[in-house]
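Listing of target.cif; format and content: mmCIF, C-alpha atoms.
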data_coords
#
loop_
_atom_site.group_PDB
_atom_site.id
_atom_site.type_symbol
_atom_site.label_atom_id
_atom_site.label_comp_id
_atom_site.auth_asym_id
_atom_site.auth_seq_id
_atom_site.Cartn_x
_atom_site.Cartn_y
_atom_site.Cartn_z
ATOM 1 C CA MET A 1485 349.976 108.427 6.189
ATOM 2 C CA LYS A 1486 349.114 111.757 4.591
ATOM 3 C CA ILE A 1487 350.631 114.971 5.901
ATOM 4 C CA MET A 1488 349.615 118.581 5.539
ATOM 5 C CA ASN A 1489 351.803 120.399 3.020
ATOM 6 C CA SER A 1490 350.603 123.314 0.907
ATOM 7 C CA LYS A 1491 353.898 123.950 -0.849
ATOM 8 C CA LYS A 1492 354.666 122.949 -4.390
ATOM 9 C CA VAL A 1493 356.806 119.839 -4.527
ATOM 10 C CA ILE A 1494 357.075 118.336 -8.042
ATOM 11 C CA THR A 1495 360.088 119.178 -10.208
ATOM 12 C CA GLN A 1496 362.689 117.294 -12.285
ATOM 13 C CA ILE A 1497 366.444 116.924 -12.592
ATOM 14 C CA GLY A 1498 366.693 118.796 -15.914
ATOM 15 C CA SER A 1499 367.577 116.683 -18.948
ATOM 16 C CA LEU A 1500 364.783 115.507 -21.255
ATOM 17 C CA PRO A 1501 364.618 113.120 -24.272
ATOM 18 C CA LEU A 1502 363.158 115.863 -26.477
ATOM 19 C CA THR A 1503 364.405 117.980 -29.387
ATOM 20 C CA ASP A 1504 361.629 120.574 -29.646
ATOM 21 C CA VAL A 1505 362.398 123.597 -27.456
ATOM 22 C CA LYS A 1506 358.817 124.826 -27.040
ATOM 23 C CA GLN A 1507 357.596 121.333 -26.247
ATOM 24 C CA ALA A 1508 360.293 120.964 -23.588
ATOM 25 C CA VAL A 1509 359.456 124.285 -21.940
ATOM 26 C CA GLU A 1510 355.723 123.579 -22.041
ATOM 27 C CA TYR A 1511 356.370 120.231 -20.360
ATOM 28 C CA SER A 1512 358.467 121.873 -17.668
ATOM 29 C CA LEU A 1513 355.704 124.394 -16.935
ATOM 30 C CA LYS A 1514 353.339 121.539 -16.019
ATOM 31 C CA HIS A 1515 355.401 120.841 -12.894
ATOM 32 C CA ASP A 1516 354.778 122.487 -9.501
ATOM 33 C CA ILE A 1517 358.271 123.938 -9.721
ATOM 34 C CA PRO A 1518 359.266 124.419 -13.377
ATOM 35 C CA PHE A 1519 362.840 123.413 -14.202
ATOM 36 C CA LEU A 1520 365.185 124.669 -16.893
ATOM 37 C CA PRO A 1521 365.119 121.912 -19.566
ATOM 38 C CA GLU A 1522 368.372 120.544 -20.920
ATOM 39 C CA LEU A 1523 368.199 118.673 -24.225
ATOM 40 C CA PRO A 1524 371.245 116.392 -24.699
ATOM 41 C CA LYS A 1525 370.047 115.495 -28.201
ATOM 42 C CA LYS A 1526 370.597 119.159 -29.108
ATOM 43 C CA GLY A 1527 374.018 119.388 -27.446
ATOM 44 C CA ASP A 1528 372.974 120.162 -23.871
ATOM 45 C CA ALA A 1529 374.777 117.270 -22.156
ATOM 46 C CA MET A 1530 376.497 118.689 -19.083
ATOM 47 C CA LEU A 1531 380.069 118.138 -20.228
ATOM 48 C CA ASN A 1532 379.183 119.680 -23.594
ATOM 49 C CA TYR A 1533 377.382 122.851 -22.517
ATOM 50 C CA ILE A 1534 380.059 123.719 -19.972
ATOM 51 C CA LYS A 1535 382.510 124.188 -22.863
ATOM 52 C CA ASN A 1536 380.376 127.160 -23.880
ATOM 53 C CA PRO A 1537 378.771 128.313 -20.603
ATOM 54 C CA GLY A 1538 375.248 129.680 -20.814
ATOM 55 C CA ASN A 1539 374.543 128.153 -24.201
ATOM 56 C CA LEU A 1540 371.436 126.005 -23.640
ATOM 57 C CA SER A 1541 368.783 125.207 -26.217
ATOM 58 C CA CYS A 1542 365.820 126.149 -24.021
ATOM 59 C CA LEU A 1543 367.241 129.087 -22.073
ATOM 60 C CA ASP A 1544 365.798 131.981 -24.093
ATOM 61 C CA GLU A 1545 362.361 130.370 -24.420
ATOM 62 C CA PHE A 1546 362.341 129.500 -20.725
ATOM 63 C CA LYS A 1547 363.146 133.087 -19.717
ATOM 64 C CA LYS A 1548 359.999 134.356 -21.442
ATOM 65 C CA ASN A 1549 358.103 133.176 -18.365
ATOM 66 C CA THR A 1550 357.758 134.639 -14.876
ATOM 67 C CA PHE A 1551 357.933 132.196 -11.994
ATOM 68 C CA GLU A 1552 357.022 132.081 -8.341
ATOM 69 C CA THR A 1553 359.567 129.321 -7.726
ATOM 70 C CA VAL A 1554 361.861 127.903 -10.382
ATOM 71 C CA LYS A 1555 364.629 125.301 -10.440
ATOM 72 C CA VAL A 1556 367.793 125.627 -12.512
ATOM 73 C CA GLN A 1557 370.900 123.482 -12.514
ATOM 74 C CA CYS A 1558 374.559 123.379 -13.493
ATOM 75 C CA VAL A 1559 377.174 120.657 -13.638
ATOM 76 C CA GLY A 1560 379.084 120.858 -10.372
ATOM 77 C CA PRO A 1561 382.779 121.601 -9.879
ATOM 78 C CA ALA A 1562 383.593 118.209 -8.339
ATOM 79 C CA THR A 1563 382.349 116.482 -11.483
ATOM 80 C CA LEU A 1564 384.289 118.904 -13.666
ATOM 81 C CA VAL A 1565 387.487 118.237 -11.723
ATOM 82 C CA LEU A 1566 387.028 114.498 -12.161
ATOM 83 C CA SER A 1567 386.478 115.177 -15.887
ATOM 84 C CA GLY A 1568 389.880 116.845 -16.234
ATOM 85 C CA TYR A 1569 389.425 120.509 -15.317
ATOM 86 C CA ASN A 1570 391.574 122.021 -12.603
ATOM 87 C CA GLN A 1571 389.736 123.407 -9.590
ATOM 88 C CA ASP A 1572 389.972 127.071 -10.594
ATOM 89 C CA GLU A 1573 388.624 126.420 -14.086
ATOM 90 C CA ALA A 1574 385.910 124.124 -12.762
ATOM 91 C CA VAL A 1575 384.618 126.869 -10.483
ATOM 92 C CA SER A 1576 384.991 129.642 -13.064
ATOM 93 C CA ARG A 1577 383.143 127.724 -15.786
ATOM 94 C CA ALA A 1578 380.308 126.797 -13.428
ATOM 95 C CA TYR A 1579 380.150 130.403 -12.207
ATOM 96 C CA GLU A 1580 379.893 131.751 -15.753
ATOM 97 C CA HIS A 1581 377.203 129.227 -16.686
ATOM 98 C CA ILE A 1582 375.110 130.007 -13.603
ATOM 99 C CA SER A 1583 375.508 133.755 -14.126
ATOM 100 C CA ARG A 1584 374.188 133.533 -17.675
ATOM 101 C CA ILE A 1585 371.272 131.342 -16.614
ATOM 102 C CA LEU A 1586 370.223 133.716 -13.845
ATOM 103 C CA GLU A 1587 370.630 136.897 -15.870
ATOM 104 C CA GLY A 1588 367.134 138.118 -16.691
ATOM 105 C CA LEU A 1589 365.422 135.128 -15.063
ATOM 106 C CA LYS A 1590 362.225 136.428 -13.430
ATOM 107 C CA ALA A 1591 361.386 134.502 -10.268
ATOM 108 C CA ARG A 1592 360.561 135.162 -6.636
ATOM 109 C CA GLU A 1593 362.621 132.137 -5.540
ATOM 110 C CA ILE A 1594 365.349 130.359 -7.489
ATOM 111 C CA ILE A 1595 366.476 126.871 -6.507
ATOM 112 C CA LEU A 1596 369.936 126.125 -7.902
ATOM 113 C CA PHE A 1597 371.139 122.542 -8.009
ATOM 114 C CA LEU A 1598 374.690 121.502 -8.767
ATOM 115 C CA ASP A 1599 374.637 118.206 -10.685
ATOM 116 C CA GLU A 1600 377.402 116.110 -9.167
ATOM 117 C CA PRO A 1601 377.394 112.504 -10.439
ATOM 118 C CA ALA A 1602 381.092 112.292 -9.517
ATOM 119 C CA LEU A 1603 380.517 112.528 -5.762
ATOM 120 C CA GLY A 1604 381.979 109.515 -4.031
ATOM 121 C CA HIS A 1605 384.698 109.227 -6.685
ATOM 122 C CA THR A 1606 386.850 112.244 -5.898
ATOM 123 C CA GLY A 1607 389.022 113.130 -2.923
ATOM 124 C CA ILE A 1608 388.801 116.914 -3.282
ATOM 125 C CA ASP A 1609 387.059 119.194 -0.792
ATOM 126 C CA TYR A 1610 383.971 119.697 -2.933
ATOM 127 C CA ARG A 1611 382.119 121.493 -0.142
ATOM 128 C CA GLU A 1612 384.596 124.367 -0.327
ATOM 129 C CA LEU A 1613 384.092 124.631 -4.098
ATOM 130 C CA TRP A 1614 380.312 124.645 -3.643
ATOM 131 C CA GLN A 1615 380.550 127.413 -1.080
ATOM 132 C CA ILE A 1616 382.520 129.589 -3.487
ATOM 133 C CA LEU A 1617 379.704 129.290 -6.016
ATOM 134 C CA PHE A 1618 376.654 129.561 -3.780
ATOM 135 C CA SER A 1619 378.021 132.541 -1.863
ATOM 136 C CA ASN A 1620 377.896 134.569 -5.086
ATOM 137 C CA PHE A 1621 374.217 133.965 -5.937
ATOM 138 C CA LYS A 1622 370.961 134.652 -4.117
ATOM 139 C CA VAL A 1623 369.502 131.162 -4.450
ATOM 140 C CA THR A 1624 368.281 128.185 -2.472
ATOM 141 C CA SER A 1625 371.210 125.786 -2.703
ATOM 142 C CA GLY A 1626 370.931 122.146 -3.697
ATOM 143 C CA VAL A 1627 373.077 119.267 -4.899
ATOM 144 C CA HIS A 1628 371.957 116.281 -6.953
ATOM 145 C CA THR A 1629 373.878 113.045 -7.139
ATOM 146 C CA CYS A 1630 372.501 109.748 -8.439
ATOM 147 C CA GLY A 1631 375.377 107.598 -7.151
ATOM 148 C CA ASN A 1632 376.469 106.453 -3.704
ATOM 149 C CA MET A 1633 378.762 108.406 -1.383
ATOM 150 C CA ASP A 1634 379.428 109.243 2.261
ATOM 151 C CA TRP A 1635 375.979 110.717 2.866
ATOM 152 C CA ASP A 1636 376.857 111.921 6.366
ATOM 153 C CA GLU A 1637 379.372 114.317 4.793
ATOM 154 C CA LEU A 1638 376.615 115.744 2.637
ATOM 155 C CA PHE A 1639 374.290 116.122 5.614
ATOM 156 C CA LEU A 1640 376.993 118.106 7.395
ATOM 157 C CA SER A 1641 377.535 120.452 4.450
ATOM 158 C CA SER A 1642 375.903 123.874 4.062
ATOM 159 C CA ILE A 1643 373.673 122.662 1.206
ATOM 160 C CA GLN A 1644 369.962 123.282 1.818
ATOM 161 C CA ILE A 1645 368.459 120.541 -0.395
ATOM 162 C CA ILE A 1646 369.870 117.067 -1.097
ATOM 163 C CA SER A 1647 368.606 115.343 -4.263
ATOM 164 C CA PHE A 1648 369.319 111.622 -4.588
ATOM 165 C CA ASP A 1649 368.158 108.348 -6.106
ATOM 166 C CA ALA A 1650 365.711 107.161 -3.467
ATOM 167 C CA SER A 1651 364.970 104.036 -5.505
ATOM 168 C CA GLN A 1652 368.490 102.769 -4.718
ATOM 169 C CA PHE A 1653 369.602 104.383 -1.468
ATOM 170 C CA ASP A 1654 368.022 104.792 1.977
ATOM 171 C CA LEU A 1655 369.371 107.977 3.515
ATOM 172 C CA THR A 1656 367.329 107.574 6.691
ATOM 173 C CA ARG A 1657 369.725 104.952 8.048
ATOM 174 C CA TYR A 1658 372.681 107.368 8.259
ATOM 175 C CA SER A 1659 373.562 108.857 11.635
ATOM 176 C CA LYS A 1660 373.523 112.462 10.422
ATOM 177 C CA TYR A 1661 370.290 112.038 8.474
ATOM 178 C CA ARG A 1662 368.374 115.247 7.790
ATOM 179 C CA SER A 1663 370.490 117.667 9.860
ATOM 180 C CA ASN A 1664 367.846 120.293 8.998
ATOM 181 C CA LYS A 1665 368.132 119.535 5.273
ATOM 182 C CA ARG A 1666 365.307 119.395 2.779
ATOM 183 C CA ILE A 1667 365.234 116.224 0.686
ATOM 184 C CA ALA A 1668 364.422 115.890 -3.017
ATOM 185 C CA TRP A 1669 363.201 112.296 -3.251
ATOM 186 C CA GLY A 1670 364.204 110.797 -6.604
ATOM 187 C CA ILE A 1671 361.550 108.144 -7.029
ATOM 188 C CA LYS A 1672 360.159 105.438 -9.251
ATOM 189 C CA GLY A 1673 357.136 104.948 -6.977
ATOM 190 C CA ILE A 1674 355.728 105.897 -3.580
ATOM 191 C CA GLU A 1675 357.588 103.029 -1.907
ATOM 192 C CA ASP A 1676 360.826 105.000 -2.417
ATOM 193 C CA VAL A 1677 359.672 107.866 -0.173
ATOM 194 C CA LYS A 1678 360.756 106.949 3.351
ATOM 195 C CA ASP A 1679 360.304 110.186 5.294
ATOM 196 C CA PHE A 1680 358.549 112.990 3.402
ATOM 197 C CA LYS A 1681 358.403 116.255 5.340
ATOM 198 C CA GLU A 1682 357.227 119.776 4.646
ATOM 199 C CA GLY A 1683 359.687 121.500 2.320
ATOM 200 C CA ASP A 1684 360.737 118.275 0.611
ATOM 201 C CA LEU A 1685 360.492 117.760 -3.152
ATOM 202 C CA LEU A 1686 359.516 114.922 -5.477
ATOM 203 C CA THR A 1687 361.529 114.266 -8.617
ATOM 204 C CA LEU A 1688 362.924 111.387 -10.660
ATOM 205 C CA PRO A 1689 365.991 109.334 -9.650
ATOM 206 C CA CYS A 1690 368.057 111.042 -12.362
ATOM 207 C CA GLY A 1691 367.674 112.998 -15.594
ATOM 208 C CA MET A 1692 365.788 111.719 -18.637
ATOM 209 C CA GLY A 1693 368.406 112.581 -21.230
ATOM 210 C CA THR A 1694 369.931 109.113 -21.600
ATOM 211 C CA PRO A 1695 369.092 106.642 -24.407
ATOM 212 C CA LEU A 1696 366.954 104.740 -21.894
ATOM 213 C CA TYR A 1697 364.210 107.330 -22.322
ATOM 214 C CA SER A 1698 362.026 108.352 -25.251
ATOM 215 C CA PRO A 1699 359.669 111.345 -25.579
ATOM 216 C CA LYS A 1700 356.660 109.232 -24.608
ATOM 217 C CA ASP A 1701 358.250 108.637 -21.188
ATOM 218 C CA CYS A 1702 357.844 112.300 -20.243
ATOM 219 C CA SER A 1703 354.098 112.205 -19.651
ATOM 220 C CA LYS A 1704 354.377 108.888 -17.789
ATOM 221 C CA ALA A 1705 357.066 110.316 -15.478
ATOM 222 C CA LEU A 1706 354.957 113.348 -14.636
ATOM 223 C CA GLU A 1707 351.891 111.184 -14.001
ATOM 224 C CA THR A 1708 353.901 109.115 -11.523
ATOM 225 C CA LEU A 1709 355.043 112.208 -9.652
ATOM 226 C CA ILE A 1710 351.501 113.584 -9.532
ATOM 227 C CA ASP A 1711 350.123 110.279 -8.228
ATOM 228 C CA VAL A 1712 352.744 110.112 -5.466
ATOM 229 C CA ARG A 1713 352.119 113.745 -4.515
ATOM 230 C CA SER A 1714 348.395 113.012 -4.210
ATOM 231 C CA ALA A 1715 349.082 110.012 -2.008
ATOM 232 C CA LEU A 1716 351.417 111.941 0.295
ATOM 233 C CA LEU A 1717 349.686 115.290 0.659
ATOM 234 C CA THR A 1718 346.268 116.458 1.748
#
Using structure tokens, write down the structure from this file.
Amino acid sequence: MKIMNSKKVITQIGSLPLTDVKQAVEYSLKHDIPFLPELPKKGDAMLNYIKNPGNLSCLDEFKKNTFETVKVQCVGPATLVLSGYNQDEAVSRAYEHISRILEGLKAREIILFLDEPALGHTGIDYRELWQILFSNFKVTSGVHTCGNMDWDELFLSSIQIISFDASQFDLTRYSKYRSNKRIAWGIKGIEDVKDFKEGDLLTLPCGMGTPLYSPKDCSKALETLIDVRSALLT
């Protein structure tokens, strides 16, 4: 069933299987909500760039543009703690990286996602760490995780947008589902979208920076997102 929704919905997680900066930025600009490209093949893997916060291959080229709505992302503090950083350093490194990304970025609305693949594998109070970061920036807050976790905890957090792998997990079956949250549906096809509502986003299940992807997959991924958007929206 189609629903009325005039807002832009298509974006991506961030990482791409590309090495050409201009090509990556041009690809990002084709999305409803452009995203800051990360190129792991040029050293932009999340645990690499956080060693030198703000040093991303595409950042300068990306900032040449002016956006209505834009999505940027940073490895989250829970993942950094699980990777060996203490909590203070995890927050400070993420804060510095986000600050450098946002400096000079021209946009009416900025959506900031924390990439947290470690959720579900750490016993720390990650919600408190998130709050420390988001309270310092004027952004729409989001968290992306491609693994499984206690989803009810995430629904009860202060995060505004939850991004997840909808091809593997069905969030609608959890008791605290939605709780006034927007959902970024990480999809392989329309069958993965269980409950699309106004304000929700369409993206991929995870980033495209792994060896599973090649440059030719970029156009195919975008075509899939466009086809699903057309099927969902009028």
query = Which distance in Å separates atom CA of A:Gly1693 and atom CA of A:Gln1496, to one decimal?
reply =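 Separation between atom CA of A:Gly1693 and atom CA of A:Gln1496: 11.6 Å.
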inquiry  = the PyMOL selection byres ((chain A and resi 1579) around 10) - which residues does that actually catch in the file I just gave you? List them as a list in words.
reply    = Pro1537, Gly1538, Cys1558, Gly1560, Pro1561, Glu1573, Ala1574, Val1575, Ser1576, Arg1577, Ala1578, Glu1580, His1581, Ile1582, Ser1583, Arg1584, Ile1585, Ile1616, Leu1617, Phe1618, Asn1620 and Phe1621 of chain A
Residues returned when the PyMOL selection byres ((chain A and resi 1509) around 9) runs on this file, as a PDB file with C-alpha atoms, keeping the file's coordinate frame:
ATOM      1  CA  ASP A1504     361.629 120.574 -29.646  1.00  0.00           C
ATOM      2  CA  VAL A1505     362.398 123.597 -27.456  1.00  0.00           C
ATOM      3  CA  LYS A1506     358.817 124.826 -27.040  1.00  0.00           C
ATOM      4  CA  GLN A1507     357.596 121.333 -26.247  1.00  0.00           C
ATOM      5  CA  ALA A1508     360.293 120.964 -23.588  1.00  0.00           C
ATOM      6  CA  GLU A1510     355.723 123.579 -22.041  1.00  0.00           C
ATOM      7  CA  TYR A1511     356.370 120.231 -20.360  1.00  0.00           C
ATOM      8  CA  SER A1512     358.467 121.873 -17.668  1.00  0.00           C
ATOM      9  CA  LEU A1513     355.704 124.394 -16.935  1.00  0.00           C
ATOM     10  CA  LYS A1514     353.339 121.539 -16.019  1.00  0.00           C
ATOM     11  CA  PRO A1518     359.266 124.419 -13.377  1.00  0.00           C
ATOM     12  CA  PHE A1519     362.840 123.413 -14.202  1.00  0.00           C
ATOM     13  CA  LEU A1520     365.185 124.669 -16.893  1.00  0.00           C
ATOM     14  CA  PRO A1521     365.119 121.912 -19.566  1.00  0.00           C
ATOM     15  CA  CYS A1542     365.820 126.149 -24.021  1.00  0.00           C
ATOM     16  CA  GLU A1545     362.361 130.370 -24.420  1.00  0.00           C
ATOM     17  CA  PHE A1546     362.341 129.500 -20.725  1.00  0.00           C
TER      18      PHE A1546
END
ask   = Hey, what comes out of the PyMOL selection byres ((chain A and resi 1666-1676) around 7) on this file? Could you write it as a PyMOL selection string?
value = chain A and resi 1644-1651+1664-1665+1677-1678+1683-1690+1708+1712
query = What is the distance, in Å and to one decimal place, between atom CA of A:Ile1608 and atom CA of A:Asn1570?
reply =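 Going from atom CA of A:Ile1608 over to atom CA of A:Asn1570, I get 11.0 Å.
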query = Pick from A:Lys1590, A:Arg1713, A:His1605, A:His1628: nearest to A:Gly1498, with only C-alpha atoms counted?
reply =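 That would be A:His1628, the residue with the smallest distance to A:Gly1498.
Computed from the coordinates, the atom CA of A:Ser1659 to atom CA of A:Gly1691 distance equals 28.2 Å.
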inquiry  = Quick one: residues within 8 Å of stretch 1594-1597 of chain A, all atoms listed in the file, excluding same-chain residues fewer than 4 positions away - as a list in words?
reply    =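 Here the qualifying residues turn out to be Thr1553, Val1554, Lys1555, Val1556, Gln1557, Cys1558, Lys1622, Val1623, Thr1624, Ser1625, Gly1626, Val1627 and His1628 of chain A.
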query = Quick one: of A:Thr1629, A:Glu1682, A:Leu1638, A:Ala1715, who's nearest to A:Lys1492, counting only C-alpha atoms?
reply =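 Going through A:Thr1629, A:Glu1682, A:Leu1638, A:Ala1715 one by one, the smallest distance to A:Lys1492 is for A:Glu1682.
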request  = Counting only C-alpha atoms, figure out which residue out of A:Ile1494, A:Met1530, A:Leu1502, A:Leu1640 gets nearest to A:Pro1699.
outcome  =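 Of A:Ile1494, A:Met1530, A:Leu1502, A:Leu1640, the one nearest A:Pro1699 is A:Leu1502, counting only C-alpha atoms.
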Enclose the full set of atoms of stretch 1666-1676 of chain A listed in the file within a box whose edges lie along x, y and z, apply 4 Å of padding to each of the six sides, and report centre and edge lengths in Å to one decimal as JSON.
{"center_x": 360.5, "center_y": 111.2, "center_z": -3.2, "size_x": 17.6, "size_y": 24.4, "size_z": 20.0}
